[in-house]
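Shown here: final-v7.txt, compact mmCIF, C-alpha atoms and all ligand atoms.
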```
# COMPACT_ATOMS: atom_id res chain seq x y z
CA MET A 1 103.55 60.69 98.25
CA PRO A 2 102.47 64.06 96.80
CA LEU A 3 103.26 63.32 93.14
CA SER A 4 101.17 60.17 92.97
CA THR A 5 98.47 61.93 95.02
CA LEU A 6 98.35 64.58 92.30
CA CYS A 7 98.14 62.12 89.40
CA LEU A 8 95.56 59.92 91.10
CA ARG A 9 93.26 62.92 91.32
CA CYS A 10 93.97 64.01 87.76
CA GLY A 11 94.33 61.49 84.94
CA MET A 12 94.32 64.24 82.28
CA CYS A 13 97.29 62.74 80.42
CA CYS A 14 95.50 59.37 80.12
CA ASP A 15 91.88 60.32 79.45
CA GLY A 16 92.31 61.99 76.06
CA SER A 17 92.42 65.56 77.32
CA LEU A 18 96.08 66.07 76.42
CA PHE A 19 96.87 63.30 73.91
CA THR A 20 95.16 61.13 71.35
CA HIS A 21 97.69 58.25 71.37
CA VAL A 22 100.63 56.83 73.30
CA SER A 23 103.37 55.15 71.28
CA LEU A 24 104.18 51.54 72.19
CA GLN A 25 107.10 49.22 71.67
CA PRO A 26 106.04 45.85 70.17
CA ASP A 27 106.58 43.99 73.48
CA GLU A 28 104.50 46.59 75.31
CA ALA A 29 101.68 46.21 72.79
CA THR A 30 101.77 42.44 73.24
CA ALA A 31 101.66 42.70 77.03
CA LEU A 32 98.77 45.18 77.00
CA HIS A 33 96.86 43.11 74.47
CA ARG A 34 97.23 40.05 76.72
CA ARG A 35 95.74 42.06 79.57
CA GLY A 36 92.74 42.95 77.41
CA VAL A 37 93.63 46.62 76.95
CA PRO A 38 92.30 47.82 73.57
CA LEU A 39 94.96 49.04 71.14
CA SER A 40 94.75 50.92 67.87
CA ARG A 41 96.88 50.70 64.75
CA ARG A 42 98.57 53.77 63.30
CA GLU A 43 98.99 54.51 59.61
CA ASP A 44 102.58 53.26 59.76
CA GLY A 45 101.35 49.88 61.02
CA THR A 46 102.60 50.25 64.60
CA GLN A 47 100.26 49.70 67.50
CA ALA A 48 99.42 52.47 69.94
CA LEU A 49 97.34 53.10 73.00
CA ALA A 50 94.43 55.30 72.00
CA GLN A 51 93.38 57.85 74.62
CA HIS A 52 91.02 57.75 76.57
CA CYS A 53 93.18 54.82 77.68
CA GLY A 54 91.34 51.54 78.10
CA ALA A 55 93.45 50.77 81.17
CA LEU A 56 92.19 53.85 83.02
CA GLU A 57 89.47 53.24 85.60
CA GLY A 58 88.11 56.50 86.88
CA ARG A 59 91.36 58.40 87.30
CA THR A 60 93.49 55.37 88.16
CA CYS A 61 95.84 53.45 85.87
CA THR A 62 95.16 49.72 86.28
CA VAL A 63 98.48 48.71 84.70
CA TYR A 64 100.57 51.27 86.58
CA SER A 65 103.45 49.00 87.58
CA ASP A 66 103.70 47.70 83.99
CA ARG A 67 102.84 50.92 82.15
CA PRO A 68 104.59 51.63 78.84
CA ALA A 69 107.85 53.57 78.74
CA SER A 70 106.17 56.58 77.08
CA CYS A 71 103.78 56.84 80.04
CA ARG A 72 106.65 56.51 82.52
CA ARG A 73 108.59 59.29 80.85
CA TYR A 74 105.75 61.78 80.62
CA HIS A 75 105.36 64.47 83.27
CA CYS A 76 103.15 67.45 82.61
CA GLN A 77 104.10 70.98 83.55
CA LEU A 78 102.03 70.85 86.73
CA PHE A 79 103.74 67.63 87.84
CA ALA A 80 107.14 69.25 87.16
CA ALA A 81 106.16 72.36 89.11
CA LEU A 82 105.17 70.24 92.11
CA ALA A 83 108.32 68.12 91.85
CA GLU A 84 110.40 71.33 91.82
CA GLN A 85 108.37 72.68 94.76
CA GLU A 86 107.29 75.67 92.70
CA VAL A 87 103.72 74.96 93.82
CA SER A 88 102.40 73.20 96.91
CA LEU A 89 100.39 69.99 96.70
CA GLU A 90 97.31 71.92 97.79
CA GLU A 91 97.79 74.45 94.97
CA ALA A 92 98.42 71.71 92.40
CA LEU A 93 95.32 69.78 93.48
CA GLY A 94 93.35 73.01 93.16
CA VAL A 95 94.53 73.34 89.55
CA VAL A 96 93.47 69.76 88.84
CA ASP A 97 90.04 70.37 90.35
CA GLN A 98 89.65 73.52 88.25
CA ALA A 99 90.59 71.61 85.10
CA HIS A 100 87.99 68.94 85.85
CA ALA A 101 85.36 71.58 86.60
CA LEU A 102 86.06 73.41 83.32
CA ARG A 103 85.84 70.18 81.40
CA ALA A 104 82.56 69.27 83.12
CA THR A 105 81.14 72.66 82.10
CA LEU A 106 82.27 72.03 78.54
CA GLU A 107 80.66 68.59 78.53
CA ARG A 108 77.33 70.08 79.58
CA GLU A 109 77.49 72.55 76.67
CA LEU A 110 78.47 70.04 73.99
CA PRO A 111 75.82 68.63 71.67
CA GLY A 112 75.35 64.86 71.95
CA ASP A 113 77.46 62.78 69.58
CA VAL A 114 75.66 59.55 68.70
CA THR A 115 78.04 58.48 65.93
CA PRO A 116 79.47 54.97 66.45
CA ASP A 117 83.03 56.32 66.65
CA ALA A 118 82.22 59.15 69.06
CA PRO A 119 85.30 59.68 71.26
CA ARG A 120 84.89 58.92 74.93
CA SER A 121 87.10 61.89 75.75
CA VAL A 122 85.22 65.17 76.26
CA MET A 123 88.11 67.20 74.82
CA GLN A 124 88.30 65.03 71.71
CA ARG A 125 84.54 65.31 71.21
CA ALA A 126 84.82 69.07 71.56
CA ARG A 127 87.69 69.29 69.06
CA ARG A 128 85.78 67.19 66.60
CA ALA A 129 82.60 69.20 67.03
CA ALA A 130 84.50 72.47 66.66
CA GLN A 131 86.28 71.37 63.47
CA ALA A 132 84.07 68.91 61.65
CA HIS A 133 80.55 70.27 61.59
CA PRO A 134 80.45 73.72 59.95
CA ALA A 135 76.76 73.11 59.23
CA ARG A 136 76.14 72.58 62.94
CA PRO A 137 78.37 75.13 64.65
CA LEU A 138 78.85 74.92 68.38
CA SER A 139 76.78 77.30 70.46
CA GLN A 140 78.60 80.39 71.70
CA ARG A 141 78.55 78.96 75.24
CA ALA A 142 80.11 75.72 74.01
CA GLN A 143 82.76 77.63 72.02
CA ASP A 144 83.60 79.71 75.08
CA ALA A 145 83.76 76.65 77.34
CA TYR A 146 85.97 74.86 74.82
CA ALA A 147 88.33 77.84 74.46
CA ASN A 148 88.54 78.29 78.23
CA THR A 149 89.33 74.64 78.84
CA GLU A 150 91.99 74.39 76.14
CA ALA A 151 93.62 77.60 77.39
CA PHE A 152 93.67 76.28 80.94
CA LEU A 153 95.20 72.97 79.81
CA ASP A 154 97.80 74.89 77.78
CA LYS A 155 98.73 77.09 80.71
CA HIS A 156 98.90 74.52 83.49
CA PHE A 157 99.51 71.12 81.89
CA ARG A 158 101.00 71.40 78.40
CA GLY A 159 103.01 74.52 79.04
CA ARG A 160 106.18 74.55 77.02
CA PHE A 161 105.38 71.08 75.60
CA GLY A 162 102.55 72.58 73.53
CA ARG A 163 99.46 70.92 72.08
CA ARG A 164 99.63 67.51 70.47
CA GLY A 165 96.92 65.46 68.87
S1 LIG B 201 98.38 65.38 83.50
FE1 LIG B 201 100.11 65.70 84.94
S2 LIG B 201 99.24 65.75 87.00
FE2 LIG B 201 97.70 64.88 85.61
S3 LIG B 201 97.99 62.63 85.74
FE3 LIG B 201 99.24 63.35 84.01
S4 LIG B 201 101.29 63.79 84.83
FE4 LIG B 201 99.87 63.63 86.59
```

In structure tokens, what does this structure look like?
Ligand code: SF4
Amino acid sequence: MPLSTLCLRCGMCCDGSLFTHVSLQPDEATALHRRGVPLSRREDGTQALAQHCGALEGRTCTVYSDRPASCRRYHCQLFAALAEQEVSLEEALGVVDQAHALRATLERELPGDVTPDAPRSVMQRARRAAQAHPARPLSQRAQDAYANTEAFLDKHFRGRFGRRG
């Protein structure tokens, strides 16, 4: 099935590249907690699934058949383009591979983050490094890699949905 083939090679909407949190209904939070998936608490007291999702192994969702409604509803622009047959599976997989390659380049350029709360997500580490350390600015190569990766994610994945988190 092409759509699941695409997502199984991607995982960008679950690994913190596109989002920081997924909203949960109370029963979903309870079910995920029972399965040992780590949750976080938002300022309003509700529980959420912090991204990089703890249920993601490699690029595969380990709770796929029981995933929360917010995850079920979400389809990125690339997924929609494939579903509408605006791009072929081969083209869409090529976009996913490019996104992973850009992110890998960015990861190589990022300074190490040894703080206890360092995000697992490369994109979240990059955003934090770009915003939070004026005394330790990112190298030009890291800034370029960060800008290139965000622009690529905007163009192919977020599209009209825009950036969140
Ligand atoms: S970002 Fe899009 S293509 Fe990638 S896993 Fe999520 S829905 Fe699928």

Dump the neighbourhood of ligand LIG 201 (chain B) as number ranges by chain: all residues within 10 Å, distances computed on all atoms listed in the file. A: 3-15, 17-19, 59-61, 71-82, 92-93, 95-96, 99, 153, 156-158

What lies within 12 Å of Arg103 (chain A) using only C-alpha atoms, ignoring chain neighbours under 2 positions off, as number ranges by chain? A: 12, 15-17, 96-101, 105-110, 121-126, 142, 144-153

Nearest to Pro26 (chain A): which of A:Ala69, A:Val63, A:Leu56, A:Ala83 is it, counting only C-alpha atoms? A:Ala69

Could you list, as number ranges by chain, every residue within 12 Å of region 27-42 of chain A, counting only C-alpha atoms and ignoring same-chain residues fewer than 4 positions away? A: 20-23, 46-57, 61-64, 66-71

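You will find CA of Ala118 (chain A) at 23.1 Å from CA of Asp44 (chain A).
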
Applying 12 Å and all atoms listed in the file, which residues near Pro137 (chain A) remain after dropping the ones on its own chain fewer than 4 positions away? List them as a list in words. Leu110, Pro111, Ala126, Arg127, Arg128, Ala129, Ala130, Gln131, Ala132, His133, Arg141, Ala142 and Gln143 of chain A

Atom pair CA of Val87 (chain A) / CA of Asp154 (chain A): separation (Å): 17.1 Å
